[in-house]
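Chemist: Sharing query_11.txt here; it has compact mmCIF, C-alpha atoms (C1' of nucleotides).
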```txt
# COMPACT_ATOMS: atom_id res chain seq x y z
CA MET V 4 0.00 0.00 0.00
CA SER V 5 2.87 2.36 0.68
CA SER V 6 5.62 0.92 -1.44
CA LYS V 7 8.22 3.64 -1.75
CA THR V 8 9.20 2.59 -5.22
CA GLU V 9 5.80 3.29 -6.75
CA SER V 10 5.90 5.82 -9.54
CA PRO V 11 4.13 9.15 -9.05
CA VAL V 12 1.97 8.57 -12.08
CA ARG V 13 0.86 5.20 -10.85
CA LEU V 14 0.14 6.51 -7.38
CA ALA V 15 -2.03 9.28 -8.77
CA ALA V 16 -3.94 6.83 -10.93
CA GLU V 17 -4.56 4.46 -8.06
CA THR V 18 -5.65 7.30 -5.84
CA TRP V 19 -8.19 8.45 -8.39
CA GLU V 20 -9.35 4.91 -9.01
CA SER V 21 -9.96 4.41 -5.31
CA LEU V 22 -11.76 7.71 -4.95
CA PHE V 23 -13.93 6.91 -7.92
CA ARG V 24 -14.83 3.42 -6.68
CA ALA V 25 -15.69 4.74 -3.25
CA GLN V 26 -17.95 7.28 -4.87
CA VAL V 27 -19.64 4.59 -6.95
CA ALA V 28 -20.13 2.34 -3.92
CA VAL V 29 -21.64 5.07 -1.77
CA MET V 30 -23.75 6.52 -4.58
CA ARG V 31 -25.15 3.13 -5.43
CA ARG V 32 -26.40 2.79 -1.87
CA LEU V 33 -27.80 6.30 -1.75
CA GLN V 34 -29.65 5.96 -5.05
CA SER V 35 -31.40 2.83 -3.95
CA GLY V 36 -32.56 4.46 -0.72
CA PRO V 37 -36.05 5.91 -0.34
CA ALA V 38 -34.78 9.50 -0.54
CA PHE V 39 -34.57 9.44 -4.32
CA LYS V 40 -37.98 8.24 -5.32
CA ALA V 41 -39.35 11.68 -6.04
CA LEU V 42 -36.28 13.14 -7.67
CA ALA V 43 -33.30 11.86 -9.64
CA VAL V 44 -29.87 12.46 -8.18
CA ASN V 45 -28.99 15.14 -10.69
CA GLU V 46 -32.24 16.92 -10.02
CA TYR V 47 -31.71 16.85 -6.29
CA ASP V 48 -28.19 18.06 -6.84
CA VAL V 49 -29.46 21.14 -8.64
CA LEU V 50 -31.95 21.93 -5.90
CA PHE V 51 -29.26 21.40 -3.29
CA THR V 52 -26.83 23.71 -5.05
CA LEU V 53 -29.48 26.38 -5.36
CA SER V 54 -30.39 25.99 -1.70
CA GLY V 55 -26.84 26.91 -0.73
CA CYS V 56 -26.72 30.02 -2.85
CA PRO V 57 -26.79 33.17 -0.71
CA SER V 58 -28.54 35.50 -3.13
CA GLY V 59 -30.96 32.80 -4.17
CA TRP V 60 -30.46 33.40 -7.86
CA LEU V 61 -27.76 31.47 -9.70
CA ARG V 62 -26.66 31.63 -13.29
CA GLN V 63 -27.43 28.48 -15.22
CA ASN V 64 -23.87 28.18 -16.48
CA GLU V 65 -22.55 28.32 -12.93
CA LEU V 66 -24.95 25.57 -11.97
CA ASN V 67 -23.43 23.58 -14.76
CA ASP V 68 -20.03 23.62 -13.09
CA HIS V 69 -21.38 21.76 -10.08
CA VAL V 70 -23.22 19.04 -11.93
CA LEU V 71 -21.84 16.30 -14.13
CA LEU V 72 -24.12 17.04 -17.06
CA SER V 73 -23.75 18.56 -20.48
CA GLN V 74 -25.01 22.07 -21.02
CA SER V 75 -27.98 20.89 -23.02
CA SER V 76 -28.96 18.28 -20.47
CA LEU V 77 -28.86 20.80 -17.67
CA SER V 78 -30.93 23.20 -19.72
CA ARG V 79 -33.62 20.58 -20.09
CA LEU V 80 -33.32 19.42 -16.51
CA VAL V 81 -33.96 22.96 -15.28
CA GLU V 82 -36.84 23.20 -17.71
CA ARG V 83 -38.38 20.08 -16.17
CA LEU V 84 -37.89 21.41 -12.65
CA GLU V 85 -39.55 24.62 -13.72
CA LYS V 86 -42.54 22.73 -15.12
CA ARG V 87 -42.85 20.92 -11.82
CA GLY V 88 -42.86 24.24 -10.02
CA LEU V 89 -39.64 23.60 -8.11
CA VAL V 90 -37.53 26.38 -9.62
CA GLU V 91 -38.17 29.58 -11.52
CA ARG V 92 -36.15 31.20 -14.28
CA ARG V 93 -35.70 34.76 -15.42
CA PRO V 94 -33.36 36.51 -17.82
CA ALA V 95 -30.15 37.81 -16.29
CA PRO V 96 -30.38 41.60 -15.91
CA ASP V 97 -26.74 42.28 -16.73
CA ASP V 98 -26.33 39.76 -19.55
CA GLY V 99 -28.96 39.38 -22.22
CA ARG V 100 -27.83 35.86 -23.02
CA GLY V 101 -27.94 34.56 -19.47
CA VAL V 102 -30.63 32.93 -17.38
CA LEU V 103 -30.95 33.09 -13.62
CA VAL V 104 -32.46 30.24 -11.66
CA ARG V 105 -33.69 29.99 -8.11
CA LEU V 106 -35.79 27.72 -5.93
CA THR V 107 -39.48 28.33 -5.48
CA ASP V 108 -40.92 27.83 -2.02
CA ALA V 109 -42.07 24.37 -3.06
CA GLY V 110 -38.60 23.59 -4.36
CA ARG V 111 -36.97 24.73 -1.17
CA GLU V 112 -39.38 22.66 0.85
CA LEU V 113 -38.79 19.53 -1.19
CA GLN V 114 -35.03 20.00 -1.05
CA LYS V 115 -35.13 20.28 2.72
CA GLN V 116 -37.30 17.24 3.06
CA ILE V 117 -35.21 15.05 0.81
CA GLY V 118 -32.05 16.57 2.23
CA ARG V 119 -32.92 15.42 5.72
CA GLU V 120 -33.40 11.82 4.62
CA HIS V 121 -30.37 12.03 2.41
CA VAL V 122 -28.15 13.24 5.22
CA ARG V 123 -29.31 10.42 7.44
CA ASP V 124 -28.54 7.89 4.72
CA ILE V 125 -25.09 9.35 4.23
CA ALA V 126 -24.32 9.32 7.91
CA SER V 127 -25.39 5.71 8.21
CA LEU V 128 -22.89 4.80 5.50
CA VAL V 129 -19.96 7.07 6.30
CA ALA V 130 -19.98 7.26 10.07
CA PRO V 131 -19.48 3.52 10.68
CA ALA V 132 -16.74 3.40 8.06
CA LEU V 133 -14.43 6.18 9.18
CA THR V 134 -13.61 7.85 12.48
CA ALA V 135 -14.38 11.53 12.89
CA GLU V 136 -10.69 12.25 12.53
CA GLU V 137 -10.51 10.28 9.31
CA GLN V 138 -13.59 12.01 7.97
CA ARG V 139 -12.06 15.39 8.65
CA GLU V 140 -8.91 14.34 6.85
CA LEU V 141 -10.85 12.95 3.90
CA LEU V 142 -12.83 16.17 3.75
CA ARG V 143 -9.66 18.20 3.75
CA LEU V 144 -8.01 16.15 1.01
CA THR V 145 -10.99 16.02 -1.33
CA ASP V 146 -11.53 19.71 -0.85
CA LYS V 147 -7.94 20.41 -1.72
CA LEU V 148 -8.17 18.20 -4.77
CA ARG V 149 -11.36 19.81 -6.00
CA THR V 150 -10.03 23.30 -5.51
CA ALA V 151 -6.83 22.54 -7.36
CA VAL V 152 -8.66 20.88 -10.25
CA GLN V 153 -11.32 23.52 -10.64
CA GLY V 154 -8.99 26.45 -10.40
CA ARG V 155 -7.47 26.24 -13.82
CA MET Y 14 -13.21 23.27 9.02
CA SER Y 15 -12.45 21.42 12.24
CA SER Y 16 -14.97 22.87 14.64
CA LYS Y 17 -15.11 20.45 17.53
CA THR Y 18 -18.78 21.06 18.12
CA GLU Y 19 -19.86 19.78 14.73
CA SER Y 20 -22.34 16.95 14.91
CA PRO Y 21 -21.29 13.53 13.62
CA VAL Y 22 -24.14 13.47 11.13
CA ARG Y 23 -23.21 16.82 9.71
CA LEU Y 24 -19.56 15.90 9.47
CA ALA Y 25 -20.40 12.74 7.55
CA ALA Y 26 -22.62 14.68 5.17
CA GLU Y 27 -19.98 17.31 4.52
CA THR Y 28 -17.36 14.66 3.97
CA TRP Y 29 -19.50 12.91 1.38
CA GLU Y 30 -20.40 16.19 -0.25
CA SER Y 31 -16.74 17.07 -0.59
CA LEU Y 32 -15.83 13.66 -1.94
CA PHE Y 33 -18.63 13.84 -4.43
CA ARG Y 34 -17.71 17.33 -5.64
CA ALA Y 35 -14.10 16.34 -6.07
CA GLN Y 36 -15.19 13.37 -8.12
CA VAL Y 37 -17.37 15.59 -10.29
CA ALA Y 38 -14.59 18.12 -10.81
CA VAL Y 39 -12.01 15.52 -11.77
CA MET Y 40 -14.40 13.49 -13.91
CA ARG Y 41 -15.48 16.58 -15.80
CA ARG Y 42 -11.88 17.20 -16.78
CA LEU Y 43 -11.23 13.60 -17.69
CA GLN Y 44 -14.33 13.31 -19.85
CA SER Y 45 -13.43 16.33 -21.89
CA GLY Y 46 -9.95 14.98 -22.54
CA PRO Y 47 -9.07 13.22 -25.79
CA ALA Y 48 -8.99 9.80 -24.12
CA PHE Y 49 -12.76 9.41 -24.23
CA LYS Y 50 -13.54 10.08 -27.84
CA ALA Y 51 -13.73 6.44 -28.83
CA LEU Y 52 -15.49 5.16 -25.74
CA ALA Y 53 -17.87 6.52 -23.12
CA VAL Y 54 -16.69 6.51 -19.53
CA ASN Y 55 -18.97 3.65 -18.53
CA GLU Y 56 -17.79 1.62 -21.47
CA TYR Y 57 -14.16 2.20 -20.64
CA ASP Y 58 -14.90 1.35 -17.04
CA VAL Y 59 -16.20 -2.05 -18.07
CA LEU Y 60 -13.17 -2.77 -20.21
CA PHE Y 61 -10.92 -1.63 -17.39
CA THR Y 62 -12.63 -3.84 -14.84
CA LEU Y 63 -12.38 -6.81 -17.16
CA SER Y 64 -8.71 -6.08 -17.79
CA GLY Y 65 -8.00 -6.46 -14.09
CA CYS Y 66 -9.76 -9.78 -13.76
CA PRO Y 67 -7.26 -12.61 -13.25
CA SER Y 68 -9.22 -15.42 -14.88
CA GLY Y 69 -10.32 -13.20 -17.72
CA TRP Y 70 -13.97 -14.17 -17.45
CA LEU Y 71 -16.25 -12.19 -15.18
CA ARG Y 72 -19.89 -12.67 -14.36
CA GLN Y 73 -22.07 -9.89 -15.67
CA ASN Y 74 -23.70 -9.33 -12.29
CA GLU Y 75 -20.30 -8.89 -10.68
CA LEU Y 76 -19.42 -6.35 -13.32
CA ASN Y 77 -22.55 -4.55 -12.29
CA ASP Y 78 -21.22 -3.98 -8.79
CA HIS Y 79 -18.33 -1.94 -10.11
CA VAL Y 80 -20.28 0.30 -12.44
CA LEU Y 81 -22.91 2.89 -11.60
CA LEU Y 82 -25.49 1.54 -14.02
CA SER Y 83 -28.75 -0.35 -13.72
CA GLN Y 84 -28.75 -4.03 -14.57
CA SER Y 85 -30.59 -3.46 -17.82
CA SER Y 86 -28.28 -0.67 -18.92
CA LEU Y 87 -25.24 -2.79 -18.26
CA SER Y 88 -26.77 -5.66 -20.18
CA ARG Y 89 -27.18 -3.42 -23.20
CA LEU Y 90 -23.81 -1.81 -22.76
CA VAL Y 91 -22.14 -5.21 -22.84
CA GLU Y 92 -24.23 -6.07 -25.86
CA ARG Y 93 -22.91 -3.00 -27.65
CA LEU Y 94 -19.34 -3.80 -26.70
CA GLU Y 95 -19.87 -7.29 -28.03
CA LYS Y 96 -21.17 -5.95 -31.33
CA ARG Y 97 -18.08 -3.78 -31.58
CA GLY Y 98 -15.93 -6.83 -31.04
CA LEU Y 99 -14.42 -5.59 -27.78
CA VAL Y 100 -15.81 -8.28 -25.47
CA GLU Y 101 -17.26 -11.73 -25.85
CA ARG Y 102 -19.99 -13.44 -23.89
CA ARG Y 103 -20.75 -17.04 -23.11
CA PRO Y 104 -23.16 -18.81 -20.76
CA ALA Y 105 -21.81 -19.54 -17.31
CA PRO Y 106 -20.99 -23.24 -17.04
CA ASP Y 107 -22.11 -23.61 -13.43
CA ASP Y 108 -25.20 -21.41 -13.59
CA GLY Y 109 -27.68 -21.65 -16.43
CA ARG Y 110 -28.93 -18.12 -15.80
CA GLY Y 111 -25.56 -16.45 -15.81
CA VAL Y 112 -23.40 -14.90 -18.47
CA LEU Y 113 -19.64 -14.64 -18.45
CA VAL Y 114 -17.87 -11.75 -20.14
CA ARG Y 115 -14.29 -11.19 -21.11
CA LEU Y 116 -12.17 -8.94 -23.27
CA THR Y 117 -11.31 -9.89 -26.81
CA ASP Y 118 -7.80 -9.13 -28.03
CA ALA Y 119 -9.12 -5.99 -29.68
CA GLY Y 120 -10.83 -4.99 -26.45
CA ARG Y 121 -7.69 -5.52 -24.43
CA GLU Y 122 -5.71 -3.51 -26.92
CA LEU Y 123 -8.14 -0.60 -26.88
CA GLN Y 124 -8.30 -0.63 -23.10
CA LYS Y 125 -4.54 -0.45 -22.85
CA GLN Y 126 -4.32 2.34 -25.35
CA ILE Y 127 -7.00 4.47 -23.72
CA GLY Y 128 -5.71 3.50 -20.29
CA ARG Y 129 -2.32 4.97 -21.02
CA GLU Y 130 -3.76 8.32 -22.03
CA HIS Y 131 -6.21 8.18 -19.19
CA VAL Y 132 -3.51 7.60 -16.60
CA ARG Y 133 -1.52 10.53 -17.92
CA ASP Y 134 -4.58 12.77 -17.69
CA ILE Y 135 -5.23 11.65 -14.14
CA ALA Y 136 -1.68 12.24 -13.06
CA SER Y 137 -1.69 15.71 -14.55
CA LEU Y 138 -4.70 16.56 -12.43
CA VAL Y 139 -3.96 14.77 -9.18
CA ALA Y 140 -0.20 15.06 -8.85
CA PRO Y 141 -0.07 18.87 -8.78
CA ALA Y 142 -2.95 18.98 -6.30
CA LEU Y 143 -1.76 16.63 -3.58
CA THR Y 144 1.61 15.51 -2.28
CA ALA Y 145 2.51 11.85 -2.55
CA GLU Y 146 1.86 11.51 1.16
CA GLU Y 147 -1.56 13.06 0.83
CA GLN Y 148 -2.37 10.85 -2.11
CA ARG Y 149 -1.47 7.78 -0.12
CA GLU Y 150 -3.68 8.93 2.72
CA LEU Y 151 -6.55 9.72 0.37
CA LEU Y 152 -6.14 6.31 -1.19
CA ARG Y 153 -6.23 4.66 2.20
CA LEU Y 154 -9.34 6.53 3.33
CA THR Y 155 -11.36 6.03 0.18
CA ASP Y 156 -10.41 2.39 0.15
CA LYS Y 157 -11.54 2.00 3.72
CA LEU Y 158 -14.80 3.76 2.95
CA ARG Y 159 -15.50 1.65 -0.11
CA THR Y 160 -14.76 -1.58 1.69
CA ALA Y 161 -17.00 -0.69 4.58
CA VAL Y 162 -19.86 0.38 2.34
CA GLN Y 163 -19.66 -2.58 0.00
CA GLY Y 164 -19.34 -5.17 2.69
CA ARG Y 165 -22.94 -5.20 3.82
C1' DG S 15 -38.82 -35.07 -6.22
C1' DG S 16 -42.08 -30.98 -6.52
C1' DG S 17 -43.57 -26.57 -5.61
C1' DC S 18 -41.99 -21.69 -4.62
C1' DG S 19 -39.73 -17.59 -3.75
C1' DA S 20 -35.29 -15.53 -5.24
C1' DT S 21 -31.89 -14.42 -8.75
C1' DA S 22 -29.62 -13.56 -13.59
C1' DG S 23 -30.31 -11.61 -17.52
C1' DA S 24 -33.14 -9.75 -21.64
C1' DT S 25 -36.59 -6.64 -23.59
C1' DG S 26 -40.52 -3.04 -24.47
C1' DC S 27 -40.99 1.50 -23.77
C1' DA S 28 -40.80 6.12 -22.02
C1' DA S 29 -37.60 9.43 -20.29
C1' DA S 30 -33.00 11.45 -20.01
C1' DT S 31 -28.63 12.48 -22.15
C1' DG S 32 -25.11 14.17 -25.43
C1' DC S 33 -23.69 15.98 -29.82
C1' DA S 34 -24.21 19.13 -33.28
C1' DT S 35 -26.23 23.16 -34.43
C1' DC S 36 -28.76 27.46 -34.08
C1' DT S 37 -29.82 32.20 -32.29
C1' DA S 38 -28.79 36.08 -29.74
C1' DA S 39 -25.90 38.80 -27.11
C1' DA S 40 -21.37 40.12 -25.34
C1' DT S 41 -16.45 40.99 -26.14
C1' DC S 42 -12.45 41.92 -28.75
C1' DG S 43 -9.46 44.34 -32.43
C1' DG S 44 -9.03 47.48 -35.61
C1' DC U 29 -18.08 52.15 -34.40
C1' DC U 30 -18.03 47.88 -37.01
C1' DG U 31 -17.04 43.22 -38.20
C1' DA U 32 -15.22 38.89 -36.21
C1' DT U 33 -14.94 35.78 -32.47
C1' DT U 34 -16.68 33.98 -28.26
C1' DT U 35 -20.18 32.74 -24.95
C1' DA U 36 -25.02 31.50 -23.00
C1' DG U 37 -28.64 29.03 -23.71
C1' DA U 38 -32.22 26.38 -26.60
C1' DT U 39 -33.46 22.73 -29.82
C1' DG U 40 -33.52 18.59 -33.36
C1' DC U 41 -32.20 14.11 -33.26
C1' DA U 42 -29.98 9.78 -32.34
C1' DT U 43 -28.25 7.20 -28.45
C1' DT U 44 -28.36 5.70 -23.74
C1' DT U 45 -30.62 4.94 -19.51
C1' DG U 46 -33.91 3.20 -16.11
C1' DC U 47 -38.23 1.07 -14.77
C1' DA U 48 -41.30 -2.52 -15.20
C1' DT U 49 -41.81 -6.85 -16.74
C1' DC U 50 -40.78 -11.34 -18.70
C1' DT U 51 -38.32 -15.89 -19.04
C1' DA U 52 -35.37 -19.26 -17.31
C1' DT U 53 -32.83 -21.22 -13.75
C1' DC U 54 -31.38 -21.83 -9.07
C1' DG U 55 -31.87 -22.90 -4.12
C1' DC U 56 -34.75 -24.07 -0.42
C1' DC U 57 -37.99 -26.48 2.30
C1' DC U 58 -41.51 -29.85 2.71
```
Taking this structure as input, can you express it in the form of structure tokens?

Modeler:
Amino acid sequence: MSSKTESPVRLAAETWESLFRAQVAVMRRLQSGPAFKALAVNEYDVLFTLSGCPSGWLRQNELNDHVLLSQSSLSRLVERLEKRGLVERRPAPDDGRGVLVRLTDAGRELQKQIGREHVRDIASLVAPALTAEEQRELLRLTDKLRTAVQGR
Amino acid sequence: MSSKTESPVRLAAETWESLFRAQVAVMRRLQSGPAFKALAVNEYDVLFTLSGCPSGWLRQNELNDHVLLSQSSLSRLVERLEKRGLVERRPAPDDGRGVLVRLTDAGRELQKQIGREHVRDIASLVAPALTAEEQRELLRLTDKLRTAVQGR
DNA sequence: GGGCGATAGATGCAAATGCATCTAAATCGG
DNA sequence: CCGATTTAGATGCATTTGCATCTATCGCCC
């Protein structure tokens, strides 16, 4: 596991592989839980991201950075959420091309409700697997990785 | 970041959130790279998993545990790979319901070729972000998490 | 051995996704 | 200020995905 002769390239690849597999394993469990009957993961993810936005309104292209979806797919996903009354859209005031999105009250309510279940599910998977100290370290490392990768 | 008063549930949720976002950020970069023109990520993932299988043959349902896809989607994905001559299928000898899958020579070749590019892309993202020590720790933690989550 | 619920995989079908493309608006260079 | 390039978002269309369901086989219990 910590062979000193391992090449840097190989170490990086194995690290990513392990991160990816862990994500798949956890996500598989979360998806099958009851929290995602009403809403697909990507849809919840959009509501969640919007719920954490201070001003409420978020540009659609910024949303796109958080979600693993093509631009066109996100466009349609937001359109669906709008039809279901969970978000609303309006043209960006400072950019005639842009669209702003925010949660409606119903959307915020649904996000909170699903979020609560979701958080419980997560805790029941993560907490028994890693100590609090390990979780903090994992949080730190993944945050560092994400920041470094995004900032370029 | 390390407030001692944080609840265990909240810490677990934030840890997962961070892991997930890091995965999204890295995957977004990898997908847009040249390595995935010939093959979708899920398709490559299947070839990769098969390439690491000692006996060569792998049961389709075991494949399914590694990939974030429904059973039916995997079934069709394997079907497509078979049509492209990258894998072959045969009935499992010890279980009349089962199907065994393995790489063809062409499949192995393509996996290796894409794998090489892929590994370079990964290294160029991960290596500048985390020290070797941090990568080893991240590898350890994600491995521990995956093992704990899968083993139940 | 015979019935019976569970499991592996395939398939019909509707929904979601991505690619290519289109329109409109912003930005850049002169 | 004007044309050229870039960017944001929408849309047509083919592909992929998931859900529900179906068939066949397995394992279990009597």

Chemist: If we count only C-alpha atoms, which residues of chain Y reach to within 8 Å of chain V? Please list them as a ChimeraX atom specification.

Modeler: /Y:14-15,21-29,31-41,79-81,132-133,135-136,138-143,145,147-149,151-152,154-159,161-163

Chemist: Limited to C-alpha atoms, could you put the picked residues into a file as a tab-separated table (two decimals), in the frame of the given file?

Modeler:
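Okay, this is what ended up in out10.tsv:
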```tsv
chain	number	residue	atom	x	y	z
Y	14	MET	CA	-13.21	23.27	9.02
Y	15	SER	CA	-12.45	21.42	12.24
Y	21	PRO	CA	-21.29	13.53	13.62
Y	22	VAL	CA	-24.14	13.47	11.13
Y	23	ARG	CA	-23.21	16.82	9.71
Y	24	LEU	CA	-19.56	15.90	9.47
Y	25	ALA	CA	-20.40	12.74	7.55
Y	26	ALA	CA	-22.62	14.68	5.17
Y	27	GLU	CA	-19.98	17.31	4.52
Y	28	THR	CA	-17.36	14.66	3.97
Y	29	TRP	CA	-19.50	12.91	1.38
Y	31	SER	CA	-16.74	17.07	-0.59
Y	32	LEU	CA	-15.83	13.66	-1.94
Y	33	PHE	CA	-18.63	13.84	-4.43
Y	34	ARG	CA	-17.71	17.33	-5.64
Y	35	ALA	CA	-14.10	16.34	-6.07
Y	36	GLN	CA	-15.19	13.37	-8.12
Y	37	VAL	CA	-17.37	15.59	-10.29
Y	38	ALA	CA	-14.59	18.12	-10.81
Y	39	VAL	CA	-12.01	15.52	-11.77
Y	40	MET	CA	-14.40	13.49	-13.91
Y	41	ARG	CA	-15.48	16.58	-15.80
Y	79	HIS	CA	-18.33	-1.94	-10.11
Y	80	VAL	CA	-20.28	0.30	-12.44
Y	81	LEU	CA	-22.91	2.89	-11.60
Y	132	VAL	CA	-3.51	7.60	-16.60
Y	133	ARG	CA	-1.52	10.53	-17.92
Y	135	ILE	CA	-5.23	11.65	-14.14
Y	136	ALA	CA	-1.68	12.24	-13.06
Y	138	LEU	CA	-4.70	16.56	-12.43
Y	139	VAL	CA	-3.96	14.77	-9.18
Y	140	ALA	CA	-0.20	15.06	-8.85
Y	141	PRO	CA	-0.07	18.87	-8.78
Y	142	ALA	CA	-2.95	18.98	-6.30
Y	143	LEU	CA	-1.76	16.63	-3.58
Y	145	ALA	CA	2.51	11.85	-2.55
Y	147	GLU	CA	-1.56	13.06	0.83
Y	148	GLN	CA	-2.37	10.85	-2.11
Y	149	ARG	CA	-1.47	7.78	-0.12
Y	151	LEU	CA	-6.55	9.72	0.37
Y	152	LEU	CA	-6.14	6.31	-1.19
Y	154	LEU	CA	-9.34	6.53	3.33
Y	155	THR	CA	-11.36	6.03	0.18
Y	156	ASP	CA	-10.41	2.39	0.15
Y	157	LYS	CA	-11.54	2.00	3.72
Y	158	LEU	CA	-14.80	3.76	2.95
Y	159	ARG	CA	-15.50	1.65	-0.11
Y	161	ALA	CA	-17.00	-0.69	4.58
Y	162	VAL	CA	-19.86	0.38	2.34
Y	163	GLN	CA	-19.66	-2.58	0.00
```

Chemist: Starting from chain Y, keep only residues with some atom at most 10 Å from an atom of chain S, counting only C-alpha atoms (C1' of nucleotides), and report them as a CSV table (one decimal) with C-alpha atoms, keeping the file's coordinate frame.

Modeler:
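Result file selection-v8.csv:
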```
chain,number,residue,atom,x,y,z
Y,72,ARG,CA,-19.9,-12.7,-14.4
Y,73,GLN,CA,-22.1,-9.9,-15.7
Y,74,ASN,CA,-23.7,-9.3,-12.3
Y,84,GLN,CA,-28.8,-4.0,-14.6
Y,85,SER,CA,-30.6,-3.5,-17.8
Y,88,SER,CA,-26.8,-5.7,-20.2
Y,89,ARG,CA,-27.2,-3.4,-23.2
Y,108,ASP,CA,-25.2,-21.4,-13.6
Y,109,GLY,CA,-27.7,-21.6,-16.4
Y,110,ARG,CA,-28.9,-18.1,-15.8
Y,111,GLY,CA,-25.6,-16.4,-15.8
Y,112,VAL,CA,-23.4,-14.9,-18.5
```

Chemist: Please tabulate, as a Markdown table, the residues of chain U that come within 9 Å of chain Y, each with its closest pair of atoms and the distance in Å to one decimal, counting all atoms listed in the file and ordering rows by chain, then residue number upward.

Modeler:
```
| residue | atom | partner | partner_atom | distance |
| --- | --- | --- | --- | --- |
| U:DT44 | C1' | Y:Ser86 | CA | 8.0 |
| U:DT45 | C1' | Y:Ser86 | CA | 6.1 |
| U:DG46 | C1' | Y:Ser83 | CA | 6.7 |
| U:DA52 | C1' | Y:Arg110 | CA | 6.7 |
| U:DT53 | C1' | Y:Arg110 | CA | 5.4 |
| U:DC54 | C1' | Y:Asp108 | CA | 7.7 |
```

Chemist: Please measure the separation of CA of Gly120 in chain Y and CA of Glu101 in chain Y, giving the value in Å to one decimal.

Modeler: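 Interatomic distance here is 9.3 Å.
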
Chemist: Work out how far CA of Glu56 in chain Y is from CA of Leu66 in chain V, in Å to one decimal.

Modeler: 26.7 Å

Chemist: With 6 Å on each side, where is the centre of the axis-aligned box around all listed atoms of range 25-40 of chain S, and how long are its edges in Å to one decimal, as lines of an AutoDock Vina configuration file?

Modeler:
```
center_x = -31.2
center_y = 16.7
center_z = -27.2
size_x = 31.6
size_y = 58.8
size_z = 26.4
```

Chemist: Any idea what the distance is between CA of Asp58 in chain Y and CA of Gly128 in chain Y?

Modeler: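 Pair CA of Asp58 in chain Y / CA of Gly128 in chain Y returns 10.0 Å.
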
Chemist: May I have the residues within 7 Å of Leu53 in chain V as a list of chain:residue names, using all atoms listed in the file and disregarding those fewer than 4 positions away in the same chain?

Modeler: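 After dropping sequence-adjacent residues, the list is V:Val49, V:Gly59, V:Leu61, V:Arg105, V:Leu106.
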